[in-house]
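To be precise, the following lines are protein.txt, and they hold compact mmCIF, C-alpha atoms (C1' of nucleotides).
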# COMPACT_ATOMS: atom_id res chain seq x y z
CA MET A 15 -2.95 19.30 -32.34
CA GLY A 16 -0.83 18.31 -29.41
CA THR A 17 -0.79 21.78 -27.96
CA GLU A 18 -2.02 22.67 -24.52
CA ALA A 19 -4.97 24.66 -25.78
CA SER A 20 -6.56 21.73 -27.58
CA HIS A 21 -6.79 19.55 -24.46
CA GLY A 22 -9.24 19.64 -21.65
CA ARG A 23 -7.16 19.70 -18.53
CA SER A 24 -4.01 21.37 -17.40
CA ILE A 25 -2.14 19.36 -14.76
CA LEU A 26 1.09 20.11 -12.91
CA HIS A 27 3.15 17.61 -10.93
CA ILE A 28 5.56 19.05 -8.36
CA ASP A 29 8.34 16.88 -6.96
CA VAL A 30 10.86 18.11 -4.37
CA ASN A 31 14.43 17.30 -5.41
CA SER A 32 16.04 14.90 -2.89
CA ALA A 33 13.40 16.04 -0.41
CA TYR A 34 14.78 14.79 2.91
CA LEU A 35 18.28 15.92 2.05
CA SER A 36 17.25 19.32 0.67
CA TRP A 37 15.09 20.07 3.68
CA THR A 38 17.91 19.07 6.03
CA ALA A 39 20.25 21.41 4.12
CA VAL A 40 17.79 24.31 4.40
CA GLU A 41 17.30 23.63 8.11
CA PHE A 42 21.09 23.59 8.68
CA LEU A 43 21.55 26.90 6.81
CA ALA A 44 18.74 28.46 8.82
CA HIS A 45 20.55 27.43 12.01
CA GLY A 46 23.83 29.00 10.99
CA ARG A 47 25.66 26.11 9.36
CA ALA A 48 28.14 27.56 6.86
CA ASP A 49 28.21 24.87 4.16
CA ASP A 50 25.39 23.52 2.04
CA ILE A 51 25.27 19.72 2.28
CA ARG A 52 23.57 19.61 -1.14
CA ARG A 53 26.94 20.50 -2.68
CA ILE A 54 28.92 17.63 -1.15
CA PRO A 55 28.43 13.85 -1.30
CA SER A 56 25.89 13.43 1.47
CA ALA A 57 22.87 11.35 2.41
CA ILE A 58 20.09 10.90 4.91
CA ALA A 59 20.26 7.44 6.44
CA GLY A 60 19.04 5.49 9.45
CA ASP A 61 21.32 4.07 12.14
CA PRO A 62 22.71 0.61 11.31
CA ARG A 63 23.29 -0.08 15.02
CA SER A 64 19.52 -0.35 15.38
CA ARG A 65 19.25 -2.11 11.99
CA HIS A 66 17.87 0.97 10.24
CA GLY A 67 20.88 1.44 7.99
CA ILE A 68 19.52 2.33 4.58
CA ILE A 69 19.81 5.43 2.38
CA LEU A 70 16.63 7.53 2.44
CA ALA A 71 17.87 10.42 0.27
CA LYS A 72 21.13 11.47 -1.35
CA SER A 73 22.68 14.65 -2.74
CA GLU A 74 23.48 15.15 -6.45
CA PRO A 75 27.24 14.73 -5.79
CA ALA A 76 26.48 11.47 -3.92
CA LYS A 77 24.46 10.25 -6.90
CA LYS A 78 27.64 10.42 -9.00
CA TYR A 79 29.14 7.69 -6.79
CA GLY A 80 26.27 5.39 -7.67
CA ILE A 81 24.46 5.85 -4.38
CA LYS A 82 20.80 5.00 -4.63
CA THR A 83 17.79 5.34 -2.39
CA ALA A 84 17.10 2.20 -0.28
CA MET A 85 20.71 1.02 -0.70
CA THR A 86 22.27 -0.28 2.51
CA LEU A 87 24.46 2.21 4.27
CA ALA A 88 27.37 -0.25 4.19
CA GLU A 89 27.15 -0.46 0.39
CA ALA A 90 26.88 3.33 0.09
CA GLN A 91 29.99 3.78 2.23
CA ARG A 92 31.88 1.28 0.09
CA ARG A 93 31.03 3.39 -2.95
CA CYS A 94 31.82 6.68 -1.24
CA PRO A 95 33.90 6.43 1.95
CA ASP A 96 33.62 10.18 2.60
CA LEU A 97 29.83 10.26 2.36
CA ALA A 98 28.48 12.77 4.91
CA LEU A 99 25.56 11.25 6.77
CA PHE A 100 22.62 12.79 8.59
CA PRO A 101 19.76 11.19 10.49
CA PRO A 102 16.12 11.52 9.35
CA ASP A 103 13.72 13.94 11.05
CA HIS A 104 10.18 13.27 9.90
CA ALA A 105 8.58 15.99 12.02
CA MET A 106 10.79 18.58 10.33
CA TYR A 107 9.92 17.18 6.87
CA LYS A 108 6.25 17.64 7.60
CA VAL A 109 6.83 21.34 8.34
CA TYR A 110 8.54 21.90 4.98
CA SER A 111 5.95 19.82 3.14
CA ASP A 112 3.18 21.92 4.67
CA ARG A 113 4.90 25.15 3.66
CA MET A 114 5.12 24.03 0.07
CA TYR A 115 1.51 22.88 0.11
CA ALA A 116 0.39 26.28 1.44
CA LEU A 117 2.27 28.04 -1.36
CA LEU A 118 0.75 25.76 -4.02
CA CYS A 119 -2.73 26.44 -2.66
CA GLU A 120 -2.41 29.99 -3.96
CA TYR A 121 -2.57 28.65 -7.52
CA THR A 122 -5.56 26.32 -7.30
CA ASP A 123 -7.66 24.63 -4.65
CA ILE A 124 -7.56 21.32 -6.49
CA ILE A 125 -4.37 19.79 -5.09
CA GLU A 126 -3.59 16.15 -4.37
CA ARG A 127 -0.76 15.35 -1.97
CA PHE A 128 0.65 12.12 -3.32
CA SER A 129 3.35 11.83 -0.68
CA ILE A 130 5.24 14.10 1.68
CA ASP A 131 7.17 15.59 -1.27
CA GLU A 132 4.89 15.27 -4.32
CA CYS A 133 1.72 17.05 -5.37
CA TRP A 134 -0.51 17.23 -8.38
CA LEU A 135 -2.29 20.49 -9.20
CA ASP A 136 -5.31 20.73 -11.44
CA TYR A 137 -4.47 24.09 -12.97
CA THR A 138 -7.42 24.04 -15.37
CA GLY A 139 -9.30 27.29 -14.91
CA SER A 140 -6.42 29.04 -13.18
CA GLU A 141 -4.92 30.07 -16.53
CA LYS A 142 -7.17 33.14 -16.63
CA ILE A 143 -5.62 34.38 -13.39
CA PHE A 144 -2.01 33.21 -13.49
CA GLY A 145 -1.35 32.72 -17.21
CA PRO A 146 -0.39 29.60 -19.18
CA PRO A 147 0.66 26.53 -17.14
CA LEU A 148 4.31 26.75 -18.16
CA GLU A 149 4.45 30.32 -16.86
CA ALA A 150 2.81 29.25 -13.62
CA ALA A 151 5.32 26.41 -13.31
CA ARG A 152 8.18 28.92 -13.65
CA ALA A 153 6.63 31.20 -11.06
CA ILE A 154 6.02 28.32 -8.61
CA SER A 155 9.54 27.00 -9.03
CA ALA A 156 11.10 30.44 -8.47
CA ARG A 157 8.94 31.17 -5.46
CA ILE A 158 9.69 27.83 -3.77
CA ARG A 159 13.40 28.42 -4.24
CA LYS A 160 13.29 32.02 -3.01
CA GLU A 161 10.76 31.70 -0.20
CA LEU A 162 11.38 28.16 1.00
CA GLY A 163 15.00 27.60 0.01
CA PHE A 164 14.79 24.32 -1.93
CA THR A 165 14.28 23.27 -5.55
CA VAL A 166 11.62 21.19 -7.28
CA ASN A 167 11.00 19.50 -10.59
CA ILE A 168 7.71 20.36 -12.24
CA GLY A 169 5.96 18.34 -14.93
CA VAL A 170 3.31 19.99 -17.08
CA SER A 171 0.71 18.14 -19.16
CA THR A 172 -2.94 17.26 -19.62
CA ASN A 173 -3.31 14.45 -17.08
CA LYS A 174 -1.71 13.19 -13.88
CA LEU A 175 0.23 10.36 -15.49
CA LEU A 176 1.89 12.55 -18.13
CA ALA A 177 2.58 15.34 -15.65
CA LYS A 178 4.30 12.87 -13.35
CA MET A 179 6.28 11.26 -16.14
CA ALA A 180 7.35 14.78 -17.15
CA SER A 181 8.60 15.73 -13.70
CA GLU A 182 10.67 12.53 -13.53
CA ARG A 183 12.80 13.65 -16.47
CA GLU A 184 16.13 15.42 -15.97
CA LYS A 185 16.69 16.62 -12.38
CA PRO A 186 17.16 18.75 -10.37
CA ASP A 187 15.46 22.15 -10.58
CA LYS A 188 13.85 21.54 -13.99
CA ILE A 189 10.50 22.13 -15.63
CA HIS A 190 9.41 19.70 -18.36
CA THR A 191 6.32 19.38 -20.51
CA LEU A 192 5.03 16.04 -21.79
CA TYR A 193 2.00 16.84 -23.89
CA PRO A 194 0.30 14.03 -25.83
CA GLY A 195 2.12 15.15 -29.00
CA GLU A 196 5.46 14.61 -27.24
CA ILE A 197 4.86 11.06 -25.99
CA ALA A 198 6.52 9.29 -28.92
CA GLU A 199 9.64 11.39 -28.67
CA LYS A 200 10.00 11.74 -24.89
CA MET A 201 8.35 8.68 -23.33
CA TRP A 202 8.41 5.76 -25.77
CA PRO A 203 12.21 5.32 -25.84
CA LEU A 204 12.35 4.79 -22.05
CA PRO A 205 12.66 1.29 -20.52
CA THR A 206 9.35 -0.19 -19.34
CA ASP A 207 10.06 0.13 -15.61
CA GLU A 208 10.21 3.91 -15.90
CA LEU A 209 6.49 3.85 -16.62
CA PHE A 210 4.44 4.70 -13.54
CA GLY A 211 2.93 1.43 -12.33
CA VAL A 212 5.59 -0.86 -13.76
CA GLY A 213 8.03 -2.27 -11.23
CA HIS A 214 10.53 -5.10 -11.21
CA SER A 215 8.16 -7.98 -11.62
CA THR A 216 6.03 -6.44 -14.38
CA LYS A 217 9.22 -5.43 -16.20
CA GLN A 218 10.33 -9.09 -16.14
CA ALA A 219 6.96 -10.31 -17.38
CA LEU A 220 7.05 -7.80 -20.26
CA ALA A 221 10.64 -8.69 -21.14
CA ARG A 222 9.66 -12.36 -21.45
CA VAL A 223 7.48 -11.44 -24.42
CA GLY A 224 10.09 -9.12 -25.86
CA LEU A 225 8.71 -5.79 -24.66
CA ARG A 226 11.52 -3.57 -23.43
CA THR A 227 10.54 0.04 -24.02
CA ILE A 228 7.41 1.98 -23.15
CA GLY A 229 6.88 2.32 -26.92
CA ASP A 230 6.91 -1.50 -27.27
CA VAL A 231 4.14 -1.69 -24.67
CA ALA A 232 2.18 1.15 -26.28
CA HIS A 233 2.11 -0.75 -29.59
CA ALA A 234 1.49 -4.18 -28.07
CA ASP A 235 -1.93 -5.82 -28.31
CA ALA A 236 -4.09 -4.87 -25.33
CA VAL A 237 -5.76 -8.31 -25.25
CA MET A 238 -2.36 -9.97 -24.98
CA LEU A 239 -1.31 -7.57 -22.21
CA ARG A 240 -4.48 -8.27 -20.25
CA GLN A 241 -3.77 -12.01 -20.44
CA LEU A 242 -0.12 -11.57 -19.50
CA LEU A 243 -0.59 -9.18 -16.58
CA LYS A 244 -4.19 -9.86 -15.50
CA PRO A 245 -7.05 -7.64 -16.68
CA VAL A 246 -6.50 -4.60 -14.50
CA MET A 247 -2.72 -4.32 -14.69
CA GLY A 248 -2.67 -5.21 -18.39
CA GLN A 249 -5.12 -2.47 -19.29
CA LEU A 250 -3.45 0.04 -16.98
CA VAL A 251 -0.01 -0.54 -18.46
CA HIS A 252 -1.33 -0.29 -22.02
CA ASP A 253 -3.19 2.93 -21.20
CA HIS A 254 -0.23 4.45 -19.40
CA ALA A 255 2.17 3.61 -22.22
CA ASN A 256 -0.17 5.53 -24.53
CA GLY A 257 -0.44 8.47 -22.14
CA ILE A 258 -4.05 7.69 -21.24
CA ASP A 259 -5.17 8.54 -17.71
CA ASP A 260 -8.43 10.18 -16.73
CA THR A 261 -8.14 9.92 -12.94
CA PRO A 262 -9.02 13.21 -11.27
CA VAL A 263 -6.77 15.25 -9.01
CA LEU A 264 -8.28 14.37 -5.63
CA ARG A 265 -8.23 16.99 -2.90
CA GLU A 266 -7.34 15.83 0.57
CA GLU A 267 -10.87 16.38 1.90
CA LEU A 268 -12.22 13.99 -0.72
CA ARG A 269 -9.77 11.22 0.04
CA ALA A 270 -10.75 8.77 2.73
CA GLU A 271 -7.90 7.14 4.61
CA LYS A 272 -7.98 3.39 4.00
CA SER A 273 -5.55 2.20 6.65
CA ILE A 274 -3.53 3.35 9.64
CA GLY A 275 -0.49 1.35 10.64
CA HIS A 276 2.86 1.38 12.38
CA SER A 277 5.69 -1.06 12.21
CA THR A 278 9.15 -1.15 13.65
CA THR A 279 12.34 -2.98 12.92
CA THR A 280 13.54 -4.03 16.35
CA PRO A 281 17.15 -3.28 17.34
CA ARG A 282 17.62 -6.99 18.09
CA ASP A 283 15.68 -10.08 17.12
CA VAL A 284 12.64 -10.70 19.26
CA THR A 285 12.56 -14.30 20.39
CA ASP A 286 9.99 -14.48 23.15
CA GLU A 287 6.30 -13.73 23.31
CA GLU A 288 6.51 -11.39 26.25
CA GLU A 289 8.82 -9.02 24.42
CA ALA A 290 6.75 -9.25 21.24
CA LEU A 291 3.66 -8.26 23.21
CA ARG A 292 5.44 -5.20 24.59
CA TYR A 293 6.08 -4.07 21.01
CA LEU A 294 2.48 -4.80 20.08
CA LEU A 295 1.29 -2.60 22.95
CA SER A 296 3.49 0.30 21.95
CA LEU A 297 2.44 -0.02 18.29
CA SER A 298 -1.24 -0.33 19.24
CA GLU A 299 -0.89 2.84 21.27
CA ARG A 300 0.54 4.83 18.35
CA VAL A 301 -2.00 3.44 15.89
CA GLY A 302 -4.85 4.07 18.33
CA LEU A 303 -3.82 7.66 18.90
CA ARG A 304 -3.82 8.36 15.19
CA LEU A 305 -7.13 6.55 14.72
CA ARG A 306 -8.85 8.66 17.39
CA ASP A 307 -7.17 11.84 16.14
CA ALA A 308 -8.74 11.19 12.75
CA GLY A 309 -12.11 10.55 14.41
CA LEU A 310 -12.25 7.03 12.99
CA GLU A 311 -12.89 3.51 14.16
CA ALA A 312 -11.74 0.25 12.60
CA GLY A 313 -13.34 -3.05 11.66
CA VAL A 314 -10.23 -5.06 10.79
CA ALA A 315 -6.92 -5.40 12.63
CA SER A 316 -3.77 -6.92 11.20
CA VAL A 317 -0.33 -7.90 12.43
CA GLU A 318 2.77 -8.10 10.27
CA LEU A 319 5.91 -10.02 11.19
CA LYS A 320 9.27 -10.24 9.46
CA ASN A 321 11.73 -12.84 10.64
CA LYS A 322 15.50 -12.72 10.61
CA SER A 323 15.53 -14.33 7.14
CA PHE A 324 13.48 -11.38 5.89
CA TYR A 325 10.45 -13.56 5.32
CA THR A 326 7.33 -11.45 5.91
CA TYR A 327 3.89 -12.69 6.84
CA ARG A 328 0.73 -10.88 7.77
CA HIS A 329 -2.54 -11.98 9.29
CA GLN A 330 -5.72 -9.99 9.65
CA LYS A 331 -8.96 -10.42 11.47
CA LYS A 332 -12.38 -8.94 11.01
CA LEU A 333 -13.33 -7.84 14.49
CA PRO A 334 -16.66 -8.82 16.07
CA SER A 335 -17.20 -5.16 16.95
CA ARG A 336 -15.52 -2.00 15.66
CA VAL A 337 -12.63 -0.69 17.75
CA ARG A 338 -11.27 2.67 18.90
CA THR A 339 -9.26 2.29 22.07
CA THR A 340 -5.68 1.19 22.51
CA SER A 341 -6.76 -1.69 24.72
CA GLU A 342 -9.23 -2.94 22.11
CA ILE A 343 -6.57 -2.72 19.40
CA TYR A 344 -3.94 -4.32 21.62
CA GLU A 345 -6.24 -7.17 22.55
CA ALA A 346 -6.99 -7.89 18.89
CA ALA A 347 -3.32 -7.64 17.95
CA CYS A 348 -2.33 -10.09 20.68
CA ALA A 349 -4.91 -12.63 19.58
CA ILE A 350 -3.76 -12.39 15.96
CA PHE A 351 -0.11 -12.60 17.00
CA ARG A 352 -0.64 -15.73 19.09
CA GLU A 353 -2.44 -17.43 16.22
CA MET A 354 0.12 -16.59 13.57
CA TRP A 355 3.55 -16.52 15.18
CA ARG A 356 5.63 -19.44 13.95
CA GLY A 357 8.12 -19.14 16.79
CA ASP A 358 10.77 -17.67 14.47
CA ASP A 359 13.17 -14.89 15.46
CA LEU A 360 11.54 -11.60 14.53
CA ARG A 361 13.16 -8.42 13.25
CA LEU A 362 9.99 -6.46 12.46
CA ILE A 363 6.61 -6.20 14.11
CA GLY A 364 3.73 -4.13 12.77
CA VAL A 365 0.12 -3.37 13.64
CA SER A 366 -2.38 -1.85 11.29
CA LEU A 367 -6.07 -1.13 11.04
CA THR A 368 -8.33 -1.15 7.98
CA ASP A 369 -12.03 -0.97 7.23
CA LEU A 370 -12.02 2.54 8.69
CA ALA A 371 -15.11 4.68 9.12
CA PRO A 372 -16.03 7.77 11.11
CA ALA A 373 -16.51 6.85 14.76
CA GLY A 374 -20.11 6.04 15.51
CA ALA A 375 -21.18 6.24 11.89
CA ARG A 376 -21.83 2.55 11.66
CA ALA A 377 -24.05 0.93 14.20
CA ARG A 378 -21.88 -0.70 16.78
CA GLN A 379 -22.69 -4.28 17.42
CA ILE A 380 -22.53 -4.88 21.14
CA SER A 381 -21.05 -8.21 21.98
CA LEU A 382 -22.70 -10.45 24.54
CA PHE A 383 -19.59 -10.33 26.68
CA GLU A 384 -19.16 -6.60 26.61
CA ASP A 385 -20.28 -4.19 29.30
CA PRO A 386 -21.32 -1.01 27.44
CA GLU A 387 -20.60 1.15 30.47
CA GLU A 388 -17.14 -0.23 30.85
CA THR A 389 -16.43 0.32 27.15
CA ALA A 390 -17.57 3.94 27.45
CA ARG A 391 -15.44 4.44 30.56
CA GLY A 392 -12.38 2.98 28.82
CA ARG A 393 -12.89 5.31 25.89
CA ALA A 394 -13.28 8.37 28.09
CA ILE A 395 -10.01 7.58 29.88
CA GLU A 396 -8.16 7.17 26.60
CA GLU A 397 -9.49 10.41 25.21
CA THR A 398 -8.17 12.26 28.27
CA GLN A 399 -4.81 10.58 27.79
CA ASP A 400 -4.79 11.60 24.14
CA GLU A 401 -5.27 15.24 25.16
CA ILE A 402 -2.33 15.04 27.55
CA ARG A 403 -0.13 13.46 24.88
CA LYS A 404 -1.07 16.14 22.40
CA LYS A 405 -0.08 18.85 24.88
CA PHE A 406 3.06 17.32 26.33
CA GLY A 407 4.29 14.87 23.72
CA ARG A 408 3.87 11.21 22.94
CA ASP A 409 5.86 10.00 25.92
CA ALA A 410 4.06 12.08 28.55
CA ILE A 411 2.03 9.05 29.55
CA LYS A 412 3.40 5.56 29.40
CA ARG A 413 1.83 2.35 30.45
CA GLY A 414 3.43 0.54 33.37
CA THR A 415 4.61 -2.26 31.10
CA LEU A 416 6.46 0.12 28.78
CA VAL A 417 8.39 2.09 31.40
C1' DT B 386 26.65 -3.20 12.00
C1' DC B 387 23.59 -5.26 5.15
C1' DT B 388 18.80 -4.89 4.02
C1' DG B 389 12.97 1.34 6.75
C1' DG B 390 8.33 2.65 7.11
C1' DG B 391 4.25 4.56 5.32
C1' DG B 392 0.70 3.47 2.19
C1' DT B 393 -2.82 1.66 -2.10
C1' DC B 394 -4.74 -1.71 -5.05
C1' DC B 395 -5.46 -6.38 -7.12
C1' DT B 396 -6.00 -11.46 -7.17
C1' DA B 397 -7.18 -15.99 -5.77
C1' DG B 398 -9.19 -19.43 -2.97
C1' DG B 399 -12.33 -21.11 0.51
C1' DA B 400 -16.61 -20.65 3.16
C1' DC B 401 -21.16 -19.86 2.84
C1' DC B 402 -25.69 -18.82 0.91
C1' DC B 403 -29.50 -19.19 -2.35
C1' DT C 1101 -24.81 -41.45 -8.94
C1' DC C 1102 -23.47 -37.29 -10.23
C1' DT C 1103 -21.95 -33.31 -9.09
C1' DG C 1104 -24.88 -25.77 -11.26
C1' DG C 1105 -23.82 -21.42 -10.89
C1' DG C 1106 -24.00 -17.03 -9.06
C1' DG C 1107 -22.84 -13.86 -5.48
C1' DT C 1108 -20.64 -12.05 -1.12
C1' DC C 1109 -17.43 -12.12 2.60
C1' DC C 1110 -13.06 -13.11 4.49
C1' DT C 1111 -8.18 -13.93 4.32
C1' DA C 1112 -3.32 -14.31 2.53
C1' DG C 1113 -0.14 -12.73 -0.50
C1' DG C 1114 1.92 -9.95 -3.98
C1' DA C 1115 2.96 -5.72 -6.78
C1' DC C 1116 3.68 -1.09 -6.69
C1' DC C 1117 4.45 3.76 -5.05
C1' DC C 1118 7.46 7.33 -2.33

Starting from the coordinates I provided, produce the structure as structure tokens.
Amino acid sequence: MGTEASHGRSILHIDVNSAYLSWTAVEFLAHGRADDIRRIPSAIAGDPRSRHGIILAKSEPAKKYGIKTAMTLAEAQRRCPDLALFPPDHAMYKVYSDRMYALLCEYTDIIERFSIDECWLDYTGSEKIFGPPLEAARAISARIRKELGFTVNIGVSTNKLLAKMASEREKPDKIHTLYPGEIAEKMWPLPTDELFGVGHSTKQALARVGLRTIGDVAHADAVMLRQLLKPVMGQLVHDHANGIDDTPVLREELRAEKSIGHSTTTPRDVTDEEEALRYLLSLSERVGLRLRDAGLEAGVASVELKNKSFYTYRHQKKLPSRVRTTSEIYEAACAIFREMWRGDDLRLIGVSLTDLAPAGARARQISLFEDPEETARGRAIEETQDEIRKKFGRDAIKRGTLV
DNA sequence: TCTGGGGTCCTAGGACCC
DNA sequence: TCTGGGGTCCTAGGACCC
């Protein structure tokens, strides 16, 4: 009982330690920098001059000063005046993420990328080739360190939830198991918000009925939890607290993208429509490029605004016909913006698309006001522009209004 | 010079239809 | 004068994740 052999699946969760910071450190070392920024109080943060000043990742020494992810840079610097800071580089992160993914693919072809720095592996069936899961975890950890230069935490168990909860334990560079027989000892003493799926607001709701640890939730009445947290969340939390999770590890090919969006915090408040529309065009362009790259088209467009008081509102619109081009997206975004904007000073503007499907898969409804030839021409032009951008970079072509 | 950006999923209410 | 009950679609908003 409670041993790996008696359970159906064998799941690993791999989590890069302080991903953005570790990858920056490795990149620096590769380019001849003498010191390792992982050994000093350091962080990756955006630029506060453009209102992007929050901590995205921090080193272990920085953690000792109480620096936390998503903390404002000003607060972090109060806690640690000597904090060494480095800007984010998402293109570089993708390169390191892909390298790790390629290495993990040697151990199984059932891998789910949960984010740029986390993966689940369904290792069931690979035991015959690479040995017991704990041995594989040790081999993976050692190879990532040696071949890629950074460290990971690995959680080993029988489902995704337990594997993830295992990898969240002591960091960095650790391997933990959390088999069903270990739940009471390792998981139940933790506070409720350490349970995957429980955030601030659910923690508060649970505390109001006296539930403070994961064990409290595990032993609570499921009917009561469903009433307290609504059916889905109540059941999920009760299941998770008891280590129950039968969701499969979903390979990338089997996962359909649900939305594509971009948003930007503007360097200064946007107060007039003309400027807002310029942002909408630039965002529509980026979203459109990604949409066409993925070979998709969209049925719903939405615009998100955040004003200077940090109040966020979002409106969406089901489009009369499915869209693909930047001009179609931009047109929809403008219409939504004009309807929703309350005239407040804006600090963030976002555009996103949902109801995605492969281009042409669903019958296109041709609107009475649309000239099919013109639509086709517009699309052909944009596809040529996409090719040029792919070859020469995103800024190779700019619309007159953006220059 | 406080406070990012990318997502997923769930709920509730109104419109509309039979 | 009293006043159904499903079901679907659409939209806004919130919670949660990294």

### Summary
re atom CA of Ile125 of chain A and atom CA of Ala44 of chain A: distance 28.3 Å

May I have a table of the residues of chain C lying at most 10 Å from chain A, giving each one's closest pair of atoms and their distance in Å to one decimal, counting only C-alpha atoms (C1' of nucleotides), ordered by chain and ascending residue number, as JSON lines?
{"residue": "C:DC1110", "atom": "C1'", "partner": "A:Lys332", "partner_atom": "CA", "distance": 7.8}
{"residue": "C:DT1111", "atom": "C1'", "partner": "A:Gln330", "partner_atom": "CA", "distance": 7.1}
{"residue": "C:DA1112", "atom": "C1'", "partner": "A:His329", "partner_atom": "CA", "distance": 7.2}
{"residue": "C:DG1113", "atom": "C1'", "partner": "A:Tyr327", "partner_atom": "CA", "distance": 8.4}
{"residue": "C:DA1115", "atom": "C1'", "partner": "A:Ser215", "partner_atom": "CA", "distance": 7.5}
{"residue": "C:DC1116", "atom": "C1'", "partner": "A:Gly211", "partner_atom": "CA", "distance": 6.2}
{"residue": "C:DC1117", "atom": "C1'", "partner": "A:Gly211", "partner_atom": "CA", "distance": 7.8}
{"residue": "C:DC1118", "atom": "C1'", "partner": "A:Ser129", "partner_atom": "CA", "distance": 6.3}

Output file for the selection above: C-alpha atoms (C1' of nucleotides), as a PDB file, keeping the file's coordinate frame:
ATOM      1  C1'  DC C1110     -13.060 -13.110   4.490  1.00  0.00           C
ATOM      2  C1'  DT C1111      -8.180 -13.930   4.320  1.00  0.00           C
ATOM      3  C1'  DA C1112      -3.320 -14.310   2.530  1.00  0.00           C
ATOM      4  C1'  DG C1113      -0.140 -12.730  -0.500  1.00  0.00           C
ATOM      5  C1'  DA C1115       2.960  -5.720  -6.780  1.00  0.00           C
ATOM      6  C1'  DC C1116       3.680  -1.090  -6.690  1.00  0.00           C
ATOM      7  C1'  DC C1117       4.450   3.760  -5.050  1.00  0.00           C
ATOM      8  C1'  DC C1118       7.460   7.330  -2.330  1.00  0.00           C
TER       9       DC C1118
END

### Task
Please indicate the distance in Å from atom CA of Val301 of chain A to atom CA of Thr38 of chain A, rounded to one decimal place.
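Interatomic distance, atom CA of Val301 of chain A to atom CA of Thr38 of chain A: 27.2 Å.
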
### Nearest residue to DG392 of chain B from the set A:Gly275, A:Gly302, A:Pro95, A:Gly229 (distances using all atoms listed in the file)
A:Gly275

So that I can check the surroundings of Ala59 of chain A, please list as a compact mmCIF listing (two decimals) with C-alpha atoms, in the coordinates of the input every protein, DNA and RNA residue that reaches within 6 Å of it, counting all atoms listed in the file and ignoring chain neighbours fewer than 3 positions away.
# COMPACT_ATOMS: atom_id res chain seq x y z
CA ILE A 68 19.52 2.33 4.58
CA ILE A 69 19.81 5.43 2.38
CA LEU A 70 16.63 7.53 2.44
CA PRO A 101 19.76 11.19 10.49

#### Entry: For atom CA of Gly139 of chain A and atom CA of Leu264 of chain A, the interatomic separation in Å (one decimal)
15.9 Å

### Task
Can you work out which one of A:Leu43, A:Leu26, A:Leu118, A:Cys133 has the shortest atom-to-atom distance to Leu192 of chain A, counting all atoms listed in the file?
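Distance minimum relative to Leu192 of chain A lands on A:Leu26.
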
### Message
I need the residue nearest Val317 of chain A from this list: A:Arg92, A:Arg292, A:His276, A:Arg127. Use only C-alpha atoms for the distance.
### Response
A:His276

### Task
Anything within 12 Å of (10.9, 0.9, 6.5): list those residues as number ranges by chain, counting all atoms listed in the file and sticking to the file's coordinates.
A: 59-60, 65-70, 84, 276-280, 320, 361-364; B: 388-392; C: 1118

Enclose segment 208-214 of chain A, meaning all of its atoms listed in the file, in a box aligned along x, y and z, pad it by 3 Å on each side, and list the centre and edge lengths in Å to one decimal, as lines of an AutoDock Vina configuration file.
center_x = 6.7
center_y = -0.2
center_z = -13.9
size_x = 13.6
size_y = 15.8
size_z = 11.4
